[in-house]
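Containing CSV, C-alpha atoms: final_31.csv.
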```csv
chain,number,residue,atom,x,y,z
A,1,MET,CA,-3.0,24.7,-20.7
A,2,THR,CA,-4.4,21.9,-18.5
A,3,ARG,CA,-5.3,23.1,-15.0
A,4,LEU,CA,-5.4,21.0,-11.9
A,5,ASP,CA,-6.6,22.1,-8.4
A,6,ILE,CA,-5.1,19.9,-5.7
A,7,ARG,CA,-6.0,22.2,-2.8
A,8,PRO,CA,-8.7,19.8,-1.5
A,9,TYR,CA,-6.1,17.0,-1.1
A,10,ALA,CA,-3.4,16.0,1.3
A,11,CYS,CA,-0.2,14.1,0.9
A,12,PRO,CA,0.3,11.7,-0.9
A,13,LEU,CA,-2.8,12.5,-3.1
A,14,THR,CA,-1.4,16.0,-3.9
A,15,TRP,CA,1.5,14.5,-5.8
A,16,VAL,CA,-0.5,11.4,-7.1
A,17,LYS,CA,-3.0,13.7,-8.7
A,18,THR,CA,-0.3,15.9,-10.2
A,19,ARG,CA,1.7,12.9,-11.5
A,20,ILE,CA,-1.4,11.4,-13.2
A,21,ALA,CA,-2.2,14.7,-14.8
A,22,LEU,CA,1.4,14.9,-16.1
A,23,GLU,CA,1.2,11.3,-17.3
A,24,ARG,CA,-1.7,12.3,-19.5
A,25,LEU,CA,0.2,15.1,-21.2
A,26,ARG,CA,2.7,15.0,-24.0
A,27,VAL,CA,6.4,15.9,-23.4
A,28,GLY,CA,6.7,19.7,-23.5
A,29,GLU,CA,3.1,20.4,-22.6
A,30,SER,CA,2.4,22.5,-19.5
A,31,LEU,CA,0.3,21.9,-16.5
A,32,GLU,CA,-1.0,24.6,-14.2
A,33,VAL,CA,-1.4,23.4,-10.6
A,34,LEU,CA,-3.3,25.3,-7.9
A,35,LEU,CA,-2.1,24.2,-4.5
A,36,ALA,CA,-2.1,25.3,-0.9
A,37,GLU,CA,1.0,26.7,0.8
A,38,GLY,CA,2.5,24.3,3.3
A,39,GLU,CA,3.3,20.7,2.5
A,40,ALA,CA,2.0,20.7,-1.1
A,41,LEU,CA,3.9,23.8,-2.0
A,42,GLU,CA,7.1,22.2,-0.7
A,43,SER,CA,6.7,18.7,-2.0
A,44,VAL,CA,4.9,18.9,-5.4
A,45,PRO,CA,7.4,21.1,-7.3
A,46,ARG,CA,10.3,19.2,-5.7
A,47,SER,CA,8.8,15.8,-6.7
A,48,ALA,CA,8.1,17.1,-10.2
A,49,ALA,CA,11.7,18.3,-10.6
A,50,GLU,CA,13.0,15.0,-9.2
A,51,GLU,CA,11.1,13.1,-11.9
A,52,GLY,CA,12.5,15.2,-14.7
A,53,HIS,CA,9.8,17.9,-15.2
A,54,ALA,CA,10.5,21.6,-15.4
A,55,VAL,CA,9.1,24.0,-12.8
A,56,LEU,CA,8.4,27.0,-15.0
A,57,SER,CA,6.9,29.2,-12.4
A,58,CYS,CA,5.8,29.2,-8.7
A,59,GLU,CA,4.0,32.2,-7.4
A,60,PRO,CA,1.2,33.2,-4.9
A,61,ALA,CA,-2.3,33.3,-6.4
A,62,PRO,CA,-4.3,35.4,-3.9
A,63,ALA,CA,-7.1,35.9,-6.4
A,64,GLU,CA,-7.8,32.1,-6.0
A,65,GLY,CA,-8.2,32.4,-2.3
A,66,PRO,CA,-6.0,32.9,0.7
A,67,GLY,CA,-2.9,30.7,0.9
A,68,SER,CA,-3.3,29.6,-2.8
A,69,TRP,CA,-0.3,29.2,-5.1
A,70,ARG,CA,0.0,28.6,-8.8
A,71,VAL,CA,2.8,26.3,-10.1
A,72,VAL,CA,3.3,25.7,-13.8
A,73,LEU,CA,5.1,22.5,-14.7
A,74,GLU,CA,6.3,21.4,-18.1
A,75,LYS,CA,6.3,17.7,-18.7
A,76,GLY,CA,9.8,16.2,-19.2
A,77,GLN,CA,11.0,13.0,-20.8
A,78,ALA,CA,11.0,10.8,-17.7
A,79,LEU,CA,7.4,9.8,-17.4
A,80,GLU,CA,7.1,9.3,-21.2
A,81,GLU,CA,9.7,6.6,-21.1
A,82,GLY,CA,7.6,4.6,-18.7
A,83,VAL,CA,10.0,2.0,-17.6
B,1,MET,CA,-10.0,3.5,-19.2
B,2,SER,CA,-8.7,6.0,-16.6
B,3,LEU,CA,-8.6,5.2,-13.0
B,4,SER,CA,-11.6,6.1,-10.9
B,5,GLU,CA,-11.3,8.5,-8.0
B,6,ALA,CA,-11.7,5.5,-5.6
B,7,GLU,CA,-8.8,3.7,-7.4
B,8,VAL,CA,-6.5,6.7,-7.2
B,9,ARG,CA,-7.1,7.0,-3.5
B,10,ARG,CA,-6.8,3.3,-2.9
B,11,TYR,CA,-3.5,2.9,-4.8
B,12,ALA,CA,-2.1,6.4,-4.0
B,13,ARG,CA,1.1,5.1,-2.4
B,14,GLN,CA,1.8,2.7,-5.3
B,15,LEU,CA,1.0,5.3,-7.9
B,16,ILE,CA,3.9,7.4,-6.6
B,17,LEU,CA,6.4,4.7,-7.3
B,18,PRO,CA,8.7,5.5,-10.2
B,19,ALA,CA,7.6,3.9,-13.5
B,20,MET,CA,4.2,2.7,-12.0
B,21,GLY,CA,1.8,5.6,-12.7
B,22,GLU,CA,-1.7,5.4,-14.0
B,23,ALA,CA,-0.8,3.3,-17.0
B,24,GLY,CA,0.9,0.7,-14.9
B,25,GLN,CA,-2.0,0.6,-12.5
B,26,GLU,CA,-4.4,0.2,-15.4
B,27,ARG,CA,-2.3,-2.8,-16.7
B,28,LEU,CA,-2.6,-4.4,-13.3
B,29,ARG,CA,-6.4,-3.9,-13.3
B,30,ALA,CA,-6.6,-5.6,-16.7
B,31,ALA,CA,-4.6,-8.6,-15.5
B,32,ARG,CA,-6.2,-11.9,-14.8
B,33,VAL,CA,-3.9,-14.0,-12.6
B,34,ARG,CA,-4.4,-17.7,-11.9
B,35,VAL,CA,-2.9,-18.5,-8.5
B,36,VAL,CA,-1.9,-22.1,-8.1
B,37,GLY,CA,-1.7,-23.1,-4.5
B,38,ALA,CA,-3.1,-21.1,-1.6
B,39,GLY,CA,-1.1,-22.4,1.3
B,40,LEU,CA,1.7,-20.8,3.4
B,41,THR,CA,3.3,-19.2,0.3
B,42,GLY,CA,0.3,-18.5,-1.8
B,43,GLY,CA,-1.8,-17.0,1.0
B,44,PRO,CA,0.2,-13.9,1.6
B,45,ALA,CA,0.8,-13.5,-2.1
B,46,ILE,CA,-2.9,-13.5,-2.8
B,47,VAL,CA,-3.4,-10.6,-0.4
B,48,TYR,CA,-0.6,-8.6,-2.0
B,49,LEU,CA,-1.9,-9.2,-5.5
B,50,ALA,CA,-5.3,-8.0,-4.4
B,51,GLN,CA,-3.9,-5.0,-2.5
B,52,ALA,CA,-1.8,-4.0,-5.5
B,53,GLY,CA,-4.8,-3.8,-7.8
B,54,VAL,CA,-4.6,-6.9,-9.9
B,55,GLY,CA,-8.1,-6.9,-11.4
B,56,THR,CA,-9.0,-10.6,-11.4
B,57,LEU,CA,-7.7,-13.4,-9.3
B,58,TRP,CA,-8.6,-17.1,-9.9
B,59,ILE,CA,-7.5,-19.3,-7.1
B,60,ASP,CA,-6.6,-22.8,-8.1
B,61,ASP,CA,-6.5,-25.0,-5.0
B,62,PRO,CA,-9.2,-27.5,-4.2
B,63,ASP,CA,-7.5,-29.0,-1.1
B,64,PRO,CA,-9.2,-28.3,2.2
B,65,VAL,CA,-7.8,-25.7,4.6
B,66,GLY,CA,-6.0,-27.7,7.3
B,67,PRO,CA,-5.1,-26.5,10.8
B,68,GLU,CA,-1.5,-25.9,9.7
B,69,ASP,CA,-2.8,-23.5,7.0
B,70,LEU,CA,-3.9,-21.0,9.6
B,71,ALA,CA,-0.4,-19.7,9.5
B,72,ALA,CA,-1.0,-18.6,5.9
B,73,TRP,CA,-2.4,-15.3,7.2
B,74,ILE,CA,-5.7,-15.5,5.2
B,75,TYR,CA,-7.7,-18.2,7.0
B,76,PRO,CA,-9.6,-17.8,10.2
B,77,PRO,CA,-10.0,-20.9,12.3
B,78,ALA,CA,-13.5,-21.3,11.0
B,79,ASP,CA,-12.2,-22.0,7.5
B,80,VAL,CA,-10.7,-25.3,8.5
B,81,GLY,CA,-12.2,-27.9,6.2
B,82,ARG,CA,-13.3,-25.5,3.5
B,83,PRO,CA,-11.7,-25.7,0.0
B,84,ARG,CA,-8.7,-23.4,0.1
B,85,GLY,CA,-9.6,-21.9,-3.3
B,86,ALA,CA,-13.0,-20.6,-2.2
B,87,ALA,CA,-11.7,-19.5,1.2
B,88,ALA,CA,-8.7,-17.7,-0.3
B,89,ALA,CA,-10.9,-15.9,-2.9
B,90,GLU,CA,-13.1,-14.7,-0.1
B,91,ALA,CA,-10.0,-13.4,1.7
B,92,ALA,CA,-8.9,-11.6,-1.4
B,93,ARG,CA,-12.3,-9.9,-1.7
B,94,ALA,CA,-12.1,-8.9,1.9
B,95,ALA,CA,-8.7,-7.4,1.3
B,96,SER,CA,-10.0,-5.2,-1.5
B,97,ALA,CA,-13.4,-4.4,-2.8
B,98,LEU,CA,-11.9,-3.6,-6.2
B,99,VAL,CA,-10.6,-7.1,-7.0
B,100,ARG,CA,-12.7,-9.8,-8.7
B,101,ALA,CA,-11.6,-13.1,-7.0
B,102,ASP,CA,-13.1,-16.5,-7.5
B,103,ILE,CA,-12.0,-20.1,-7.7
B,104,LEU,CA,-10.5,-21.2,-11.0
B,105,ARG,CA,-13.4,-22.3,-13.3
B,106,PRO,CA,-13.2,-24.2,-16.6
B,107,GLY,CA,-12.7,-21.9,-19.6
B,108,ALA,CA,-10.9,-19.2,-17.5
B,109,GLN,CA,-8.3,-17.5,-19.6
B,110,PRO,CA,-5.6,-16.0,-17.4
B,111,THR,CA,-3.0,-13.5,-18.6
B,112,ALA,CA,-0.4,-14.6,-16.0
B,113,LEU,CA,0.2,-17.2,-13.3
B,114,LEU,CA,1.5,-17.2,-9.8
B,115,VAL,CA,2.7,-20.7,-9.0
B,116,CYS,CA,2.9,-21.6,-5.3
B,117,PRO,CA,2.0,-25.2,-5.1
B,118,GLY,CA,4.2,-26.5,-2.3
B,119,ARG,CA,5.3,-29.5,-4.4
B,120,GLN,CA,8.1,-29.2,-6.9
B,121,GLU,CA,6.7,-31.6,-9.5
B,122,VAL,CA,3.4,-29.5,-9.5
B,123,ALA,CA,5.4,-26.3,-9.9
B,124,ARG,CA,7.3,-27.8,-12.8
B,125,ALA,CA,4.1,-29.0,-14.6
B,126,VAL,CA,2.2,-25.7,-14.1
B,127,ALA,CA,5.2,-23.6,-15.1
B,128,GLU,CA,5.5,-25.7,-18.3
B,129,GLU,CA,1.8,-25.2,-19.0
B,130,ALA,CA,2.2,-21.5,-18.6
B,131,ARG,CA,5.2,-21.4,-20.9
B,132,LEU,CA,3.4,-23.3,-23.6
B,133,LEU,CA,0.6,-20.8,-23.4
B,134,GLY,CA,3.1,-17.9,-23.7
B,135,LEU,CA,2.0,-16.5,-20.3
B,136,ALA,CA,4.2,-14.6,-17.8
B,137,HIS,CA,4.6,-16.6,-14.6
B,138,VAL,CA,6.3,-16.5,-11.3
B,139,VAL,CA,7.1,-19.6,-9.3
B,140,ALA,CA,7.4,-19.3,-5.5
B,141,GLU,CA,8.9,-22.2,-3.5
B,142,ALA,CA,9.4,-22.1,0.2
B,143,ASP,CA,12.3,-24.1,1.6
B,144,GLY,CA,13.1,-24.0,5.3
B,145,GLU,CA,13.4,-20.4,6.5
B,146,GLY,CA,13.6,-19.1,2.9
B,147,GLY,CA,13.1,-20.4,-0.6
B,148,SER,CA,13.2,-19.2,-4.1
B,149,VAL,CA,11.3,-17.1,-6.6
B,150,THR,CA,11.6,-17.8,-10.3
B,151,VAL,CA,10.4,-15.0,-12.7
B,152,VAL,CA,9.6,-16.1,-16.2
B,153,PRO,CA,8.5,-13.4,-18.6
B,154,PRO,CA,7.2,-14.8,-21.9
B,155,GLY,CA,10.0,-16.2,-24.0
B,156,ALA,CA,12.5,-16.2,-21.0
B,157,PRO,CA,14.4,-19.3,-20.0
B,158,CYS,CA,11.9,-21.6,-18.4
B,159,TYR,CA,11.5,-22.8,-14.9
B,160,ALA,CA,13.3,-26.0,-15.6
B,161,CYS,CA,16.3,-24.1,-17.0
B,162,ALA,CA,16.3,-21.9,-13.8
B,163,PHE,CA,15.8,-24.8,-11.4
B,164,ARG,CA,18.3,-25.4,-8.6
B,165,ALA,CA,17.7,-28.1,-6.0
B,166,GLY,CA,16.9,-26.6,-2.6
B,167,HIS,CA,17.3,-28.3,0.7
B,168,GLY,CA,13.7,-29.6,0.7
B,169,ALA,CA,13.3,-28.5,4.3
B,170,PRO,CA,9.8,-28.0,5.7
B,171,PRO,CA,8.7,-24.4,5.2
B,172,GLN,CA,8.8,-22.0,8.1
B,173,PRO,CA,5.6,-19.9,7.9
B,174,ALA,CA,7.4,-16.6,8.1
B,175,GLY,CA,9.9,-17.6,5.4
B,176,ALA,CA,7.1,-18.9,3.2
B,177,ALA,CA,5.3,-15.6,3.6
B,178,ALA,CA,8.5,-13.7,2.7
B,179,VAL,CA,8.9,-15.8,-0.5
B,180,GLY,CA,5.2,-15.4,-1.4
B,181,ALA,CA,5.3,-11.7,-0.9
B,182,LEU,CA,8.4,-11.4,-3.0
B,183,ALA,CA,6.8,-13.5,-5.7
B,184,ALA,CA,3.7,-11.2,-5.7
B,185,LEU,CA,6.0,-8.2,-5.9
B,186,GLU,CA,7.9,-9.6,-8.9
B,187,LEU,CA,4.6,-10.4,-10.7
B,188,VAL,CA,3.2,-6.9,-10.0
B,189,MET,CA,6.3,-5.3,-11.3
B,190,MET,CA,6.2,-7.4,-14.4
B,191,LEU,CA,2.4,-7.0,-15.1
B,192,SER,CA,2.5,-3.3,-14.5
B,193,GLY,CA,5.4,-2.8,-16.8
B,194,ALA,CA,7.3,-1.1,-13.9
B,195,SER,CA,10.0,-3.8,-13.7
B,196,GLN,CA,13.5,-2.6,-14.5
B,197,GLU,CA,14.5,-6.2,-15.4
B,198,PRO,CA,12.8,-7.6,-18.5
B,199,ARG,CA,14.8,-10.8,-18.4
B,200,GLY,CA,14.0,-13.9,-16.5
B,201,ARG,CA,15.6,-14.2,-13.1
B,202,ARG,CA,15.7,-16.3,-10.0
B,203,ILE,CA,15.9,-15.0,-6.5
B,204,ASP,CA,17.1,-17.3,-3.7
B,205,LEU,CA,16.5,-16.4,-0.1
B,206,VAL,CA,18.8,-18.5,2.0
B,207,ARG,CA,19.4,-17.8,5.7
B,208,GLY,CA,18.1,-14.2,5.3
B,209,GLN,CA,20.4,-13.5,2.4
B,210,PRO,CA,18.7,-12.8,-1.0
B,211,VAL,CA,20.7,-13.5,-4.2
B,212,ALA,CA,19.2,-12.6,-7.6
B,213,ARG,CA,20.6,-13.9,-10.8
B,214,ALA,CA,19.4,-13.6,-14.4
B,215,THR,CA,18.4,-17.0,-15.6
B,216,SER,CA,20.0,-18.7,-18.7
B,217,ARG,CA,18.7,-21.3,-21.0
B,218,LEU,CA,20.0,-24.9,-20.7
B,219,PRO,CA,21.4,-26.1,-24.0
B,220,GLY,CA,18.8,-28.0,-26.0
B,221,CYS,CA,15.9,-27.1,-23.7
B,222,ALA,CA,12.5,-27.0,-25.5
B,223,CYS,CA,11.9,-23.5,-24.4
B,224,GLY,CA,14.8,-22.4,-26.6
B,225,ARG,CA,13.4,-24.4,-29.6
B,226,ALA,CA,10.0,-22.7,-29.1
B,227,GLN,CA,11.8,-19.4,-29.2
B,228,ALA,CA,13.5,-20.2,-32.4
B,229,ALA,CA,10.4,-21.3,-34.2
B,230,PRO,CA,8.8,-18.8,-36.5
```

Would you put the structure from the file into structure tokens?
Amino acid sequence: MTRLDIRPYACPLTWVKTRIALERLRVGESLEVLLAEGEALESVPRSAAEEGHAVLSCEPAPAEGPGSWRVVLEKGQALEEGV
Amino acid sequence: MSLSEAEVRRYARQLILPAMGEAGQERLRAARVRVVGAGLTGGPAIVYLAQAGVGTLWIDDPDPVGPEDLAAWIYPPADVGRPRGAAAAEAARAASALVRADILRPGAQPTALLVCPGRQEVARAVAEEARLLGLAHVVAEADGEGGSVTVVPPGAPCYACAFRAGHGAPPQPAGAAAVGALAALELVMMLSGASQEPRGRRIDLVRGQPVARATSRLPGCACGRAQAAP
């Protein structure tokens, strides 16, 4: 599974990085996103769901560092259609 | 080729837009746009094309910058007397270090045109040239406080088919800028593949009221015959 760490970034780059990573996957493939609690935790899963991707899981990842969360997304049809 | 980190950061807000994404941004980067006319309408359009990430801009306007052109956003007073093409290319490079902008040189092979010449007969001639080359083009014409934008994807009804006579009023700078910015937006949407509207269309901006219509081919127009040819 492709892994993406967006903890160093702030909005809007958190979602931009996630969106580009999803764009590079095939429909049905999964993306593991490490993100920080706060803005990214609120906005990234929401934006992914709004664009037709599935949020498979969303849980704290204390082993990755304090305040870290792991979100697993599955690419949906929306981005694949392009236009 | 994937976007660089610098490009992702530069275009972050655009990359969020539905249907744009990395692929759309890469298509913009690969585009080579010939911009005809760098006056009140073309000036703001050039800035938006550069800011949007169009990779190459060739500015086609040998006329000198006049004092009245200072309302075109992109020319400082010191530019008066310089050729508009060279001064506008410099403004585009100042707007974005990621754009290659220059005057139009012989042998240049654009992939699309933005036509903002300020004179209707020039618009018609350049649009016809673009059509014959099979290139996407957008024509922006200021008219009074508004104007029109004609969007011609390859194979769509041509500029002449879409033409409607305006009032021919002298352009108000802010209205010309609005029309130029709208034309740049339409071209960016078309070149990136993000457009929801694959057909040709014409947008008229009259007294602050925009009206967009799909264009249709005039019976017997040469653009239809070209379409029908094998």

message: Which residues are close to segment 212-214 of chain B, i.e. within 6 Å by all atoms listed in the file, leaving aside same-chain residues fewer than 5 positions away? Reply as JSON, numbers by chain.
response: {"B": [200, 201, 202, 203]}

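The closest residue to Gly147 of chain B, picked from B:Val206, B:Leu114, B:Ala95, B:Ala177 and counting all atoms listed in the file, is B:Val206.
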
task: Write out as a ChimeraX atom specification each polymer residue whose atoms come within 12 Å of Gly65 of chain A, counting only C-alpha atoms; drop sequence neighbours fewer than 3 positions from it.
output: /A:7,34-37,60-62,68-70

query: Any idea which chain B residues end up within 6 Å of chain A if we count all atoms listed in the file, as a PyMOL selection string please?
result: chain B and resi 16+19+194

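Atom to atom, atom CA of Leu185 of chain B and atom CA of Ala45 of chain B stand 8.3 Å apart.
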